[in-house]
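Below is one structure, written out as structure tokens, with a few remarks after it.
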Amino acid sequence: MVKISKEKIVYFIVIILFTGCANQLPPGGGDVDKIPPEVTEVFPPDGTINYNENYFEIEFSEYVDKRSFKDALFISPFVEGQLEYDWTGTTVTIEFAEGLKKNTTYTITVGSDVIDRNNSNRMLSSFTFSFSTGNQIDKNSIGGRVFSSDREGILIFAYKLGEGADTLLNRKPDYVSQTGSDGTFQLNGLASSNYRIFAVKDEYRDLIYNMDQDWIGIPDTDVQLIGNDTSFSGLHFKMFKADTTAPRMIKAIMTDDRHILLSLSDDVDKSVLRSQNFYLVDSTINKTFGITFVYKRVNNNSELVLVTYSAPSIDNVIYLFAENLSDTLGNTTYNDYISLTVSDKPDTSYPKLISTLPQKNANSVDFKNAQFTFYFDDAFLKDNIQRNITFTDTLGKGVPFNIDYEDDAAVIIKPLTKLKSDKDYIIKLNLAAFKDVEGNFRDSLYEFRFKTISGLDFTGVDGKMLDINLEDNPVLVLENTKDKKLIYTKKLNDEKFSFNRIVAGKYILWCFLDKDNDLEYDYGWPQPIKFSERFYVYSDTLKLKPRWVITDVIFQFK
């Protein structure tokens, strides 16, 4: 009998374990994997009829993350009960615990959220196949595209229309698909019926639309797939947040005896924000204090700073009240209050200039309809502001101007005459005039220099709209891909269009039918349904170069 040492036994066990596990691991080493996974084979094959098994199989081109696959697998119509997953290498078998319905077409969609295990590459587009437990397969289809900055991985919910059409989003959809990397989608294997389709950024992945959480795209029409109408294409969506919750005060704390830092549940509409929206109540002595100033913190629209002349007592119980506080969608809190953490720390800091729009030393300011905003970190008294500002060219020639206020900590300077092109200007602010409620100020002079753009540096685009009915109030929009403030809108009065004095850059051209004639795109509303306005996007991104107008753009509205 041959004796084997303990060292050799351990060695053989390690070898066996290593080789046994090797088939379960993706290959390592080499160049960085940039190839996205894809579905290479399915069972049963697409279009199979009279299928009587209770499972299907999917094989991938490489090892994929199992969790991402589960999250990206959609079965239509919706299947009750748990699914059982069995993985063998790159192939997964999915079994229906409760079997399949008779004479039913099932559509399996593997969404683009699937990633590989090697480098987390996503599938380029969703994959769909269908099979039927009856002797025929439903072949109706709906296709379209979601236009959004974050359009990848958005779910497409399809509902058969019937009773309770305005409560469809309260249940799981009858059919589901997912957008690819370019926002396109395809719903296949649909039964003959009337459908309502939504695009949903389903954050919880529960196949239920949550209004307070999920972004949604509303269709411009329902889709009828009956008789000879077996397919529908060109269903387009723009995403938005259908928020119905009014802003509420979350936390209020005094940073010193004059300033209150207020945190809100949502952004507020600064165009209707006033100091009169707030007041303090000292419940100990039953006394009310007004708020003198209110302004938004820079780069944080859900935080406000309130300023009061009267310092509340640190020994008393103080409450902050808010009235008619609205967000940008018009949701309004009519009466809200919160306890205030009081401070008796004295306010000793002066208002500091923290940013400008445009930036200091900008060399591309438009000489037409120019305006300049100066943002401070504290509110300031406004008695002597205009007389402490000068606006001149570099030769000292004055420019007449008016001032306005974005809020109590930001002053806007607007020239009353058109500036000259390709010319240098200087705006000077005597900061000693910008005093806070305690009288704190900085005795210094701030110079803001800028240069206007040359009129020759503008660009433009000319073209023609096809297949458009001018009675539908079509509106063209030219939108910069990087700077969302660069957006140009034009109502079409005939088929030809022209955009002039455009700042150079990359642009998307799109057109919508302005049903309510307000020159703004209407996203619609989920429940009760209000359809969106119909729109189409020009197929190419326009690269508009300085001093060069693109002509003969043919935009077909379909």
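Starting from 1 in every chain, residues are counted up; chains themselves are A, B, ... following the order of the structure tokens, and ligands are numbered from 1 as listed.
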With only C-alpha atoms as the counted atoms, please give the residues lying no more than 12 Å from segment 401-403 of chain A, apart from itself and same-chain residues fewer than 3 positions off, as a ChimeraX atom specification.
/A:369-374,382,384-392,398,406,410-419,427
Proximity of segment 327-441 of chain A to segment 265-268 of chain A: per-residue shortest pair, 12 Å limit, only C-alpha atoms, as JSON lines:
{"residue": "A:Asp327", "atom": "CA", "partner": "A:Val268", "partner_atom": "CA", "distance": 4.1}
{"residue": "A:Thr328", "atom": "CA", "partner": "A:Val268", "partner_atom": "CA", "distance": 6.1}
{"residue": "A:Leu329", "atom": "CA", "partner": "A:Val268", "partner_atom": "CA", "distance": 9.1}
{"residue": "A:Gly330", "atom": "CA", "partner": "A:Val268", "partner_atom": "CA", "distance": 9.2}
{"residue": "A:Asn331", "atom": "CA", "partner": "A:Val268", "partner_atom": "CA", "distance": 9.4}
{"residue": "A:Thr332", "atom": "CA", "partner": "A:Val268", "partner_atom": "CA", "distance": 9.4}
{"residue": "A:Thr333", "atom": "CA", "partner": "A:Val268", "partner_atom": "CA", "distance": 10.5}
Could you dump the residues just selected with C-alpha atoms as a CSV table (one decimal), in the first residue's frame?
chain,number,residue,atom,x,y,z
A,327,ASP,CA,-42.0,75.6,-6.0
A,328,THR,CA,-41.3,76.0,-9.7
A,329,LEU,CA,-44.4,73.8,-10.6
A,330,GLY,CA,-46.7,76.0,-8.7
A,331,ASN,CA,-47.2,73.6,-5.7
A,332,THR,CA,-47.8,76.0,-2.7
A,333,THR,CA,-47.5,75.6,1.0
Could you check how far atom CA of Arg145 of chain A sits from atom CA of Gly463 of chain A, in Å to one decimal?
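Atom-to-atom, atom CA of Arg145 of chain A and atom CA of Gly463 of chain A are spaced 24.0 Å apart.
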I'd like the contact shell of segment 65-76 of chain A - 9 Å cut-off, only C-alpha atoms, skipping same-chain residues fewer than 6 positions apart - returned as a VMD selection string.
chain A and resid 85 87 105 to 118 120 126 153 173 to 178 189 to 190 205
Between segment 425-505 of chain A and segment 301-325 of chain A, at 10 Å or less, what are the per-residue closest atom pairs and their distances in Å? Count only C-alpha atoms, order by chain and rising residue number, and return it as a Markdown table.
| residue | atom | partner | partner_atom | distance |
| --- | --- | --- | --- | --- |
| A:Asp436 | CA | A:Val307 | CA | 9.3 |
| A:Val437 | CA | A:Tyr309 | CA | 6.5 |
| A:Glu438 | CA | A:Tyr309 | CA | 8.1 |
Quick one: pick out all alpha helix (DSSP H) residues within segment 12-239 of chain A from a backbone DSSP run and write them as a VMD selection string.
chain A and resid 12 to 22 66 to 72
Those same residues - C-alpha atoms - I'd like them written as a compact mmCIF listing (two decimals), in the first residue's frame.
# COMPACT_ATOMS: atom_id res chain seq x y z
CA PHE A 12 -4.21 17.65 -4.81
CA ILE A 13 -7.22 19.20 -3.03
CA VAL A 14 -6.08 22.70 -4.00
CA ILE A 15 -5.62 21.62 -7.64
CA ILE A 16 -9.08 19.99 -7.73
CA LEU A 17 -10.76 23.03 -6.17
CA PHE A 18 -8.96 25.40 -8.51
CA THR A 19 -9.83 23.49 -11.68
CA GLY A 20 -13.40 22.92 -10.51
CA CYS A 21 -13.93 26.64 -9.97
CA ALA A 22 -12.09 27.76 -13.08
CA LYS A 66 -26.52 37.95 -12.23
CA ARG A 67 -28.13 40.76 -10.22
CA SER A 68 -28.15 43.12 -13.17
CA PHE A 69 -29.76 40.40 -15.29
CA LYS A 70 -32.58 39.86 -12.78
CA ASP A 71 -33.23 43.60 -12.64
CA ALA A 72 -33.27 43.84 -16.44
